[in-house]
file run-v4.cif (mmCIF, C-alpha atoms and all ligand atoms)
data_upload
#
loop_
_atom_site.label_atom_id
_atom_site.label_comp_id
_atom_site.auth_asym_id
_atom_site.auth_seq_id
_atom_site.Cartn_x
_atom_site.Cartn_y
_atom_site.Cartn_z
CA MET F 1142 269.21 127.89 137.51
CA ARG F 1143 265.56 126.98 137.95
CA ALA F 1144 263.90 124.58 135.53
CA VAL F 1145 260.76 122.46 135.36
CA SER F 1146 261.49 118.76 134.98
CA PHE F 1147 260.03 115.32 135.78
CA SER F 1148 261.70 112.26 137.27
CA ALA F 1149 259.15 109.70 136.02
CA PHE F 1150 256.51 109.58 133.26
CA GLY F 1151 252.98 110.40 134.40
CA GLY F 1152 250.28 113.04 134.62
CA PRO F 1153 250.83 116.81 134.97
CA GLU F 1154 251.63 116.30 138.68
CA VAL F 1155 255.05 114.81 137.85
CA LEU F 1156 256.31 118.24 136.74
CA HIS F 1157 258.32 120.06 139.42
CA VAL F 1158 260.57 123.06 139.74
CA VAL F 1159 264.13 121.85 140.22
CA GLU F 1160 267.53 123.48 140.59
CA VAL F 1161 269.93 122.40 137.81
CA GLU F 1162 273.35 123.49 136.65
CA GLN F 1163 273.25 126.44 134.28
CA PRO F 1164 274.52 125.35 130.83
CA GLN F 1165 277.81 126.84 129.59
CA PRO F 1166 278.10 127.90 125.95
CA GLY F 1167 280.71 126.20 123.74
CA PRO F 1168 282.67 128.34 121.25
CA HIS F 1169 279.86 128.36 118.64
CA ASP F 1170 276.97 128.63 121.11
CA VAL F 1171 274.96 131.37 122.73
CA LEU F 1172 273.43 131.34 126.20
CA VAL F 1173 269.83 132.58 126.02
CA ARG F 1174 267.84 133.85 129.00
CA ILE F 1175 264.38 132.38 128.31
CA HIS F 1176 261.59 134.96 128.49
CA ALA F 1177 258.72 132.85 127.14
CA ALA F 1178 258.06 129.20 126.32
CA GLY F 1179 254.94 127.73 124.72
CA ILE F 1180 253.40 124.48 125.93
CA CYS F 1181 252.90 122.20 122.95
CA TYR F 1182 250.65 119.13 122.86
CA HIS F 1183 253.87 117.28 122.01
CA ASP F 1184 255.16 118.15 125.53
CA LEU F 1185 252.15 116.42 127.10
CA LEU F 1186 252.85 113.25 125.11
CA SER F 1187 256.55 113.41 126.10
CA ARG F 1188 255.71 113.83 129.79
CA ALA F 1189 253.33 110.88 129.66
CA GLY F 1190 255.98 108.68 127.97
CA LYS F 1191 253.88 108.23 124.84
CA ILE F 1192 256.68 109.27 122.49
CA PRO F 1193 260.38 108.35 122.61
CA GLY F 1194 262.54 110.08 125.20
CA GLU F 1195 263.68 109.72 128.80
CA PRO F 1196 262.38 111.33 132.00
CA GLY F 1197 264.69 113.78 133.76
CA ARG F 1198 264.91 116.21 130.86
CA ILE F 1199 263.59 119.73 130.49
CA LEU F 1200 260.63 119.90 128.07
CA GLY F 1201 259.70 122.69 125.69
CA HIS F 1202 260.70 123.63 122.14
CA GLU F 1203 258.76 126.88 121.64
CA ILE F 1204 261.24 129.39 123.00
CA ALA F 1205 261.95 133.12 122.86
CA GLY F 1206 264.52 135.03 124.89
CA GLU F 1207 267.58 137.22 124.96
CA ILE F 1208 271.21 136.33 124.24
CA VAL F 1209 273.19 136.98 127.42
CA THR F 1210 276.53 135.26 126.63
CA ALA F 1211 278.20 134.45 123.31
CA GLY F 1212 280.83 131.72 122.76
CA ALA F 1213 284.36 132.68 121.64
CA SER F 1214 283.57 132.20 117.91
CA VAL F 1215 280.29 134.12 118.01
CA PRO F 1216 280.33 137.89 117.29
CA ALA F 1217 280.08 139.65 120.67
CA ASP F 1218 277.57 142.12 119.27
CA ARG F 1219 274.94 139.40 119.37
CA ILE F 1220 274.79 139.81 123.15
CA GLY F 1221 271.55 141.56 124.01
CA GLU F 1222 269.77 140.36 120.85
CA ASN F 1223 266.18 139.14 121.26
CA VAL F 1224 265.74 135.80 119.53
CA ALA F 1225 263.44 132.91 118.76
CA ILE F 1226 265.08 129.50 118.87
CA TYR F 1227 264.96 127.19 115.86
CA HIS F 1228 264.35 123.96 117.71
CA ARG F 1229 266.00 121.42 115.39
CA LEU F 1230 269.71 121.20 116.24
CA PHE F 1231 270.96 120.16 112.80
CA CYS F 1232 274.32 119.01 111.39
CA GLY F 1233 274.60 121.67 108.66
CA SER F 1234 276.40 119.38 106.21
CA CYS F 1235 273.99 116.60 105.11
CA ARG F 1236 272.14 116.73 101.77
CA TYR F 1237 268.99 118.09 103.44
CA CYS F 1238 270.77 120.81 105.43
CA LEU F 1239 272.65 121.90 102.28
CA ARG F 1240 269.28 122.30 100.50
CA GLY F 1241 267.87 124.47 103.29
CA ARG F 1242 265.76 121.61 104.63
CA HIS F 1243 267.22 121.54 108.14
CA ASP F 1244 263.84 120.19 109.27
CA LEU F 1245 264.72 116.90 107.53
CA CYS F 1246 268.29 116.56 108.87
CA ARG F 1247 268.93 112.97 109.90
CA ASN F 1248 271.88 113.86 112.15
CA SER F 1249 269.84 116.11 114.39
CA ARG F 1250 267.98 116.31 117.63
CA THR F 1251 265.20 118.55 118.85
CA VAL F 1252 265.42 120.94 121.78
CA GLY F 1253 263.36 119.54 124.65
CA GLU F 1254 263.47 115.95 123.38
CA SER F 1255 266.85 115.35 124.98
CA GLY F 1256 268.93 117.62 127.20
CA GLY F 1257 267.78 121.16 127.93
CA GLY F 1258 264.47 122.60 126.76
CA GLY F 1259 262.32 125.66 127.17
CA TYR F 1260 260.92 125.24 130.71
CA ALA F 1261 264.01 126.79 132.26
CA GLU F 1262 265.73 130.08 133.01
CA PHE F 1263 268.46 129.55 130.40
CA ILE F 1264 269.28 127.43 127.37
CA CYS F 1265 272.45 127.01 125.30
CA VAL F 1266 272.06 126.53 121.54
CA PRO F 1267 274.36 126.94 118.53
CA ALA F 1268 274.37 130.64 117.59
CA ARG F 1269 272.93 129.78 114.15
CA ASN F 1270 269.77 128.41 115.84
CA ALA F 1271 269.05 131.76 117.51
CA ILE F 1272 266.99 133.81 115.04
CA ARG F 1273 266.92 137.56 115.64
CA LEU F 1274 263.43 138.96 116.25
CA PRO F 1275 262.14 141.77 114.06
CA GLU F 1276 260.85 144.95 115.72
CA GLY F 1277 257.30 144.97 117.03
CA ILE F 1278 257.02 141.42 118.32
CA ASP F 1279 256.67 140.51 121.97
CA MET F 1280 258.27 137.47 123.62
CA ALA F 1281 255.06 135.46 124.08
CA ALA F 1282 254.22 135.83 120.37
CA ALA F 1283 257.82 135.09 119.36
CA ALA F 1284 257.74 131.83 121.33
CA LEU F 1285 255.06 130.59 118.93
CA ALA F 1286 256.92 131.57 115.74
CA VAL F 1287 258.56 128.18 115.25
CA CYS F 1288 255.62 126.05 116.40
CA PRO F 1289 252.64 126.35 115.85
CA ILE F 1290 252.87 129.34 113.47
CA GLY F 1291 255.96 128.14 111.58
CA THR F 1292 254.34 124.70 111.31
CA SER F 1293 251.28 126.34 109.75
CA VAL F 1294 253.47 128.32 107.31
CA ARG F 1295 255.23 125.06 106.31
CA ALA F 1296 251.95 123.26 105.57
CA LEU F 1297 250.21 126.12 103.77
CA ILE F 1298 252.97 128.04 102.02
CA GLY F 1299 255.80 125.50 101.92
CA VAL F 1300 253.91 122.31 101.04
CA ALA F 1301 250.56 123.44 99.58
CA THR F 1302 251.81 126.71 97.97
CA VAL F 1303 248.57 128.50 98.78
CA HIS F 1304 247.53 131.42 96.56
CA PRO F 1305 245.07 134.28 97.15
CA GLY F 1306 241.54 133.06 96.47
CA ASP F 1307 242.34 129.37 97.01
CA ILE F 1308 239.74 127.50 99.04
CA VAL F 1309 241.40 125.99 102.11
CA LEU F 1310 239.54 123.38 104.17
CA ILE F 1311 240.86 122.85 107.72
CA THR F 1312 239.81 119.91 109.91
CA GLY F 1313 240.21 120.12 113.69
CA ALA F 1314 240.07 123.87 113.14
CA GLY F 1315 239.48 124.78 116.79
CA GLY F 1316 242.79 123.29 118.01
CA GLY F 1317 246.00 125.24 118.64
CA LEU F 1318 247.35 124.35 115.22
CA GLY F 1319 244.05 124.82 113.38
CA LEU F 1320 243.48 128.36 114.66
CA HIS F 1321 246.95 129.46 113.55
CA GLN F 1322 246.48 127.77 110.17
CA ILE F 1323 243.30 129.82 109.67
CA ALA F 1324 245.20 133.02 110.51
CA VAL F 1325 248.07 132.20 108.13
CA ALA F 1326 245.66 131.27 105.30
CA LYS F 1327 243.74 134.53 105.78
CA SER F 1328 247.00 136.55 105.74
CA ILE F 1329 247.38 135.35 102.13
CA ALA F 1330 243.74 136.15 101.26
CA ALA F 1331 242.68 132.53 100.86
CA ARG F 1332 239.08 131.51 101.60
CA VAL F 1333 238.91 129.30 104.68
CA ILE F 1334 236.30 126.67 105.43
CA ALA F 1335 236.81 125.36 108.95
CA VAL F 1336 235.50 122.05 110.28
CA THR F 1337 235.00 121.32 113.96
CA SER F 1338 233.12 118.71 115.97
CA SER F 1339 232.71 121.12 118.93
CA PRO F 1340 229.91 123.73 118.69
CA HIS F 1341 231.55 125.83 121.47
CA LYS F 1342 234.64 126.38 119.28
CA THR F 1343 232.65 128.25 116.61
CA THR F 1344 233.23 131.71 118.09
CA ILE F 1345 237.01 131.44 118.34
CA ILE F 1346 237.22 129.87 114.86
CA ARG F 1347 235.33 132.88 113.48
CA GLN F 1348 237.65 135.20 115.45
CA ALA F 1349 240.60 133.52 113.75
CA GLY F 1350 239.08 134.63 110.45
CA ALA F 1351 237.38 131.55 108.98
CA ASP F 1352 234.87 132.47 106.24
CA ASP F 1353 232.68 129.44 106.90
CA VAL F 1354 232.47 127.12 109.89
CA ILE F 1355 231.03 123.62 109.57
CA VAL F 1356 230.05 122.10 112.92
CA ARG F 1357 229.73 118.33 112.51
CA PRO F 1358 229.96 116.15 115.62
CA ASP F 1359 229.40 113.15 113.26
CA LEU F 1360 232.35 114.30 111.09
CA LYS F 1361 230.29 114.08 107.88
CA PHE F 1362 231.28 117.39 106.34
CA SER F 1363 231.92 116.76 102.62
CA ALA F 1364 228.35 117.54 101.51
CA ASP F 1365 228.59 120.90 103.32
CA VAL F 1366 231.89 121.67 101.57
CA TRP F 1367 230.35 120.75 98.24
CA ARG F 1368 227.40 123.08 98.89
CA LEU F 1369 229.55 125.99 100.19
CA THR F 1370 231.89 125.80 97.18
CA ARG F 1371 229.15 125.36 94.56
CA LYS F 1372 230.35 121.84 93.79
CA GLN F 1373 233.94 122.92 93.24
CA GLY F 1374 235.53 121.46 96.38
CA ALA F 1375 238.57 122.63 98.33
CA ASP F 1376 241.89 123.37 96.59
CA ILE F 1377 243.83 122.62 99.76
CA VAL F 1378 242.84 120.44 102.70
CA LEU F 1379 244.80 120.64 105.95
CA GLU F 1380 244.09 117.38 107.76
CA ASN F 1381 244.80 117.85 111.47
CA VAL F 1382 242.64 114.91 112.51
CA VAL F 1383 242.75 112.13 109.85
CA THR F 1384 241.14 109.46 112.08
CA GLY F 1385 237.45 109.50 111.15
CA THR F 1386 237.86 112.44 108.75
CA PHE F 1387 240.25 111.37 105.97
CA GLY F 1388 237.60 109.87 103.68
CA GLU F 1389 235.47 113.01 103.98
CA SER F 1390 238.54 115.17 103.31
CA LEU F 1391 239.24 113.32 100.05
CA ARG F 1392 235.57 113.63 99.07
CA SER F 1393 235.78 117.40 99.77
CA ALA F 1394 238.82 117.88 97.52
CA ALA F 1395 238.64 119.73 94.20
CA SER F 1396 240.37 118.33 91.10
CA ASN F 1397 244.16 118.60 91.46
CA ALA F 1398 243.73 119.48 95.15
CA MET F 1399 246.49 119.00 97.71
CA VAL F 1400 245.56 117.15 100.89
CA VAL F 1401 248.19 117.84 103.56
CA VAL F 1402 248.38 115.31 106.40
CA LEU F 1403 249.44 116.83 109.72
CA GLY F 1404 247.38 114.97 112.31
CA ASN F 1405 247.50 111.43 113.58
CA VAL F 1406 244.89 111.63 116.32
CA GLY F 1407 244.00 107.93 116.40
CA ALA F 1408 247.47 106.65 115.33
CA GLN F 1409 245.64 104.14 113.12
CA PRO F 1410 245.88 103.35 109.39
CA VAL F 1411 243.07 104.86 107.31
CA GLU F 1412 241.23 103.66 104.22
CA LEU F 1413 241.83 105.31 100.87
CA ASP F 1414 239.68 105.13 97.72
CA PRO F 1415 242.26 104.99 94.90
CA GLY F 1416 239.56 105.62 92.26
CA LEU F 1417 238.70 108.95 93.84
CA VAL F 1418 242.36 109.95 94.18
CA ILE F 1419 243.02 109.14 90.51
CA MET F 1420 239.81 110.65 89.16
CA ARG F 1421 240.37 113.95 90.96
CA ARG F 1422 244.19 113.88 90.62
CA ILE F 1423 244.43 114.44 94.38
CA ARG F 1424 247.93 114.95 95.74
CA ILE F 1425 248.50 113.75 99.31
CA ALA F 1426 251.51 115.14 101.20
CA GLY F 1427 252.83 114.95 104.74
CA SER F 1428 254.00 118.06 106.56
CA GLY F 1429 255.89 118.65 109.79
CA ILE F 1430 258.14 121.19 111.48
CA ALA F 1431 259.12 124.53 109.98
CA THR F 1432 262.24 125.32 107.96
CA PHE F 1433 264.34 128.41 108.73
CA ALA F 1434 262.59 130.20 105.86
CA ASP F 1435 259.19 129.32 107.36
CA VAL F 1436 260.22 130.75 110.74
CA ARG F 1437 261.33 134.00 109.09
CA THR F 1438 257.96 134.16 107.31
CA ALA F 1439 256.16 133.48 110.60
CA LEU F 1440 258.11 136.23 112.41
CA HIS F 1441 257.35 138.67 109.58
CA LEU F 1442 253.62 137.85 109.70
CA LEU F 1443 253.62 138.31 113.49
CA ALA F 1444 255.61 141.56 113.44
CA ARG F 1445 253.33 143.03 110.75
CA LYS F 1446 250.27 141.90 112.76
CA ALA F 1447 249.09 139.95 109.70
CA VAL F 1448 248.81 136.93 112.02
CA ALA F 1449 247.84 137.21 115.67
CA PRO F 1450 249.06 134.51 118.05
CA PHE F 1451 246.28 132.60 119.83
CA ILE F 1452 247.33 132.68 123.45
CA ASP F 1453 244.68 131.43 125.87
CA ARG F 1454 246.67 132.42 128.94
CA ILE F 1455 250.11 133.19 130.29
CA LEU F 1456 251.26 131.32 133.41
CA PRO F 1457 254.48 131.53 135.43
CA PHE F 1458 256.99 128.74 134.67
CA ALA F 1459 256.45 127.31 138.16
CA GLN F 1460 252.82 126.61 137.16
CA ALA F 1461 253.72 124.41 134.18
CA GLN F 1462 251.79 121.63 135.96
CA GLN F 1463 248.61 123.66 135.75
CA GLY F 1464 249.28 124.53 132.10
CA HIS F 1465 249.59 120.84 131.21
CA ALA F 1466 246.45 119.98 133.19
CA LEU F 1467 244.42 122.66 131.38
CA MET F 1468 245.59 121.44 127.99
CA GLU F 1469 244.92 117.83 128.89
CA LYS F 1470 241.34 118.74 129.85
CA ARG F 1471 241.09 120.66 126.57
CA ALA F 1472 240.08 123.68 128.67
CA VAL F 1473 242.07 126.12 126.53
CA SER F 1474 241.65 127.71 123.10
CA GLY F 1475 245.06 128.34 121.62
CA ARG F 1476 248.37 128.13 123.43
CA VAL F 1477 249.37 128.34 127.07
CA VAL F 1478 252.61 130.30 127.32
CA LEU F 1479 254.99 130.23 130.31
CA GLN F 1480 256.48 133.58 131.25
CA GLY F 1481 258.16 134.74 134.48
CA TRP F 1482 258.72 132.58 137.54
ZN ZN F 1501 255.28 122.70 119.40
ZN ZN F 1502 271.91 117.81 108.40
#
call {"tool": "encode", "arguments": {"input": "run-v4.cif", "output": "structure tokens"}}
result
Amino acid sequence: MRAVSFSAFGGPEVLHVVEVEQPQPGPHDVLVRIHAAGICYHDLLSRAGKIPGEPGRILGHEIAGEIVTAGASVPADRIGENVAIYHRLFCGSCRYCLRGRHDLCRNSRTVGESGGGGYAEFICVPARNAIRLPEGIDMAAAALAVCPIGTSVRALIGVATVHPGDIVLITGAGGGLGLHQIAVAKSIAARVIAVTSSPHKTTIIRQAGADDVIVRPDLKFSADVWRLTRKQGADIVLENVVTGTFGESLRSAASNAMVVVLGNVGAQPVELDPGLVIMRRIRIAGSGIATFADVRTALHLLARKAVAPFIDRILPFAQAQQGHALMEKRAVSGRVVLQGW
């Protein structure tokens, strides 16, 4: 089969179409013909060797396709099913898996981090990782159900338990994750205040549904939040940036607010004012990949058109190089999705 791989770490130019052996499903696996794969910022870091992993693998964990072969222990009627792939290959028996928190499984690996990933014609995964698509959802949208939309559902609904009318502040709102977070928050009738340092992102942030957009190249946004909320502050802060913004996020928080940390742009420790955290009873929580339940929620929101996927462009798989280059230059708003060869 054809796949896109890289033999050494480097820039987008190291990605090439290669011919590799088609994977064979074990008894509990399904073979999925990949119809669409999203390019995640994570893939760029993997290709550049900035996060653990080896060259020679197939990148991509945002995958939708069709089951074409089922292993001996998998019901044959699953053949032909359109699916999204839950990208964490989990053990199913640890304390986290048994609580439905497969995202926290310690005996797991992630599709695309080792072995086969999404930039290929086929992938084999355990049948339980292939989640059937509801009606009314196309493959490009389904590829984004796990990440970034499932990730947004995890942060907002899973971690922050957002309610209608809550004020949600989103930093780095113009990024691929930020735009989907806005859409998910609006699907629950929250009020969204979006922060960006880039004036040219204002239009797309408004398109995503943000009620207010604060453009602050100097990242000093807390006074604006205070003014926009009549000195109430934000009930939920989604911190996609953290470096240079965390102090302002805490100052923007309402009493008993939840500040969810998702970003680590500068990969540096940040300062924290304990007096402020105590006085306002601020809760700080980390958030990461989606659970199964989050993916089902994401697919439902997509199928009902309550959330629209932000797809900047669709490129053939063979142009993955170009997709990476565009993302590296930050020349895209939303995701680049690979589809067709
Ligand atoms: Zn991703
Ligand atoms: Zn487990």
call {"tool": "residues_near_ligand", "arguments": {"input": "run-v4.cif", "ligand": "ligand ZN 1501 (chain F)", "cutoff": "8 Å", "atoms": "only C-alpha atoms and all ligand atoms", "output": "NGL selection string"}}
result
:F and (1179-1184 or 1201-1203 or 1285 or 1287-1289)
call {"tool": "atom_distance", "arguments": {"input": "run-v4.cif", "atom1": "CA of Lys1361 (chain F)", "atom2": "CA of Ile1334 (chain F)"}}
result
14.2 Å
call {"tool": "atom_distance", "arguments": {"input": "run-v4.cif", "atom1": "CA of Gln1480 (chain F)", "atom2": "CA of Asp1435 (chain F)"}}
result
24.4 Å
call {"tool": "closest_atom_pairs", "arguments": {"input": "run-v4.cif", "of": "chain F", "to": "ligand ZN 1502 (chain F)", "cutoff": "7 Å", "atoms": "only C-alpha atoms and all ligand atoms", "output": "CSV"}}
result
residue,atom,partner,partner_atom,distance
F:Phe1231,CA,F:ZN1502,ZN,5.1
F:Cys1232,CA,F:ZN1502,ZN,4.0
F:Gly1233,CA,F:ZN1502,ZN,4.7
F:Ser1234,CA,F:ZN1502,ZN,5.2
F:Cys1235,CA,F:ZN1502,ZN,4.1
F:Arg1236,CA,F:ZN1502,ZN,6.7
F:Tyr1237,CA,F:ZN1502,ZN,5.8
F:Cys1238,CA,F:ZN1502,ZN,4.4
F:His1243,CA,F:ZN1502,ZN,6.0
F:Cys1246,CA,F:ZN1502,ZN,3.9
F:Arg1247,CA,F:ZN1502,ZN,5.9
F:Asn1248,CA,F:ZN1502,ZN,5.4
F:Ser1249,CA,F:ZN1502,ZN,6.6
call {"tool": "residues_near_point", "arguments": {"input": "run-v4.cif", "point": "(247.1, 109.5, 117.3)", "cutoff": "10 Å", "atoms": "all atoms listed in the file", "output": "PyMOL selection string"}}
result
chain F and resi 1382-1384+1404-1409
call {"tool": "write_last_selection", "arguments": {"input": "run-v4.cif", "atoms": "C-alpha atoms", "output": "short mmCIF file (atom, residue, chain, number, x, y, z; two decimals), keeping the file's coordinate frame"}}
result
data_model
loop_
_atom_site.label_atom_id
_atom_site.label_comp_id
_atom_site.auth_asym_id
_atom_site.auth_seq_id
_atom_site.Cartn_x
_atom_site.Cartn_y
_atom_site.Cartn_z
CA VAL F 1382 242.64 114.91 112.51
CA VAL F 1383 242.75 112.13 109.85
CA THR F 1384 241.14 109.46 112.08
CA GLY F 1404 247.38 114.97 112.31
CA ASN F 1405 247.50 111.43 113.58
CA VAL F 1406 244.89 111.63 116.32
CA GLY F 1407 244.00 107.93 116.40
CA ALA F 1408 247.47 106.65 115.33
CA GLN F 1409 245.64 104.14 113.12
#
call {"tool": "residues_around", "arguments": {"input": "run-v4.cif", "residues": "Val1401 (chain F)", "least_positions_apart": "4", "cutoff": "7 Å", "atoms": "all atoms listed in the file", "output": "PyMOL selection string"}}
result
chain F and resi 1296+1378-1380+1425-1428
call {"tool": "closest_atom_pairs", "arguments": {"input": "run-v4.cif", "of": "region 1332-1379 of chain F", "to": "region 1305-1318 of chain F", "cutoff": "6 Å", "atoms": "only C-alpha atoms", "output": "tab-separated table"}}
result
residue	atom	partner	partner_atom	distance
F:Arg1332	CA	F:Ile1308	CA	4.8
F:Val1333	CA	F:Val1309	CA	4.9
F:Ile1334	CA	F:Leu1310	CA	4.8
F:Ala1335	CA	F:Ile1311	CA	4.9
F:Val1336	CA	F:Thr1312	CA	4.8
F:Thr1337	CA	F:Gly1313	CA	5.4
F:Lys1342	CA	F:Gly1315	CA	5.7
F:Ile1346	CA	F:Gly1315	CA	5.9
F:Ala1375	CA	F:Ile1308	CA	5.1
F:Asp1376	CA	F:Ile1308	CA	5.3
F:Ile1377	CA	F:Val1309	CA	4.8
F:Val1378	CA	F:Leu1310	CA	4.7
F:Leu1379	CA	F:Ile1311	CA	4.9
call {"tool": "residues_around", "arguments": {"input": "run-v4.cif", "residues": "Gly1253 (chain F)", "least_positions_apart": "2", "cutoff": "7 Å", "atoms": "only C-alpha atoms", "output": "PyMOL selection string"}}
result
chain F and resi 1199-1202+1251+1255-1259
call {"tool": "residues_around", "arguments": {"input": "run-v4.cif", "residues": "Asp1279 (chain F)", "least_positions_apart": "6", "cutoff": "12 Å", "atoms": "all atoms listed in the file", "output": "PyMOL selection string"}}
result
chain F and resi 1176-1177+1205-1207+1223-1225+1285-1286+1440+1443-1446+1449-1450+1480
call {"tool": "residues_around", "arguments": {"input": "run-v4.cif", "residues": "Arg1174 (chain F)", "least_positions_apart": "6", "cutoff": "7 Å", "atoms": "all atoms listed in the file", "output": "ChimeraX atom specification"}}
result
/F:1206-1209,1262-1264
call {"tool": "atom_distance", "arguments": {"input": "run-v4.cif", "atom1": "CA of Ala1326 (chain F)", "atom2": "CA of Ser1338 (chain F)"}}
result
20.7 Å
call {"tool": "residues_around", "arguments": {"input": "run-v4.cif", "residues": "Ile1423 (chain F)", "least_positions_apart": "3", "cutoff": "10 Å", "atoms": "only C-alpha atoms", "output": "list in words"}}
result
Asp1376, Ile1377, Leu1391, Ala1394, Ala1395, Ser1396, Asn1397, Ala1398, Met1399, Val1400, Pro1415, Leu1417, Val1418, Ile1419, Met1420 and Ala1426 of chain F
call {"tool": "closest_residue", "arguments": {"input": "run-v4.cif", "among": "F:Ala1324, F:Val1366, F:Ile1355, F:Ile1345", "to": "Ile1290 (chain F)", "atoms": "all atoms listed in the file"}}
result
F:Ala1324
call {"tool": "closest_residue", "arguments": {"input": "run-v4.cif", "among": "F:Ala1189, F:Thr1302, F:Arg1471, F:Val1411", "to": "Ser1339 (chain F)", "atoms": "all atoms listed in the file"}}
result
F:Arg1471
call {"tool": "closest_residue", "arguments": {"input": "run-v4.cif", "among": "F:Val1171, F:Thr1438, F:Ile1430, F:Leu1239", "to": "Ser1214 (chain F)", "atoms": "all atoms listed in the file"}}
result
F:Val1171
call {"tool": "closest_residue", "arguments": {"input": "run-v4.cif", "among": "F:Glu1389, F:Ala1261, F:Thr1343, F:Ala1459", "to": "Asp1365 (chain F)", "atoms": "all atoms listed in the file"}}
result
F:Glu1389
call {"tool": "closest_residue", "arguments": {"input": "run-v4.cif", "among": "F:Arg1143, F:Lys1372, F:Arg1269, F:Ser1474", "to": "Thr1344 (chain F)", "atoms": "all atoms listed in the file"}}
result
F:Ser1474
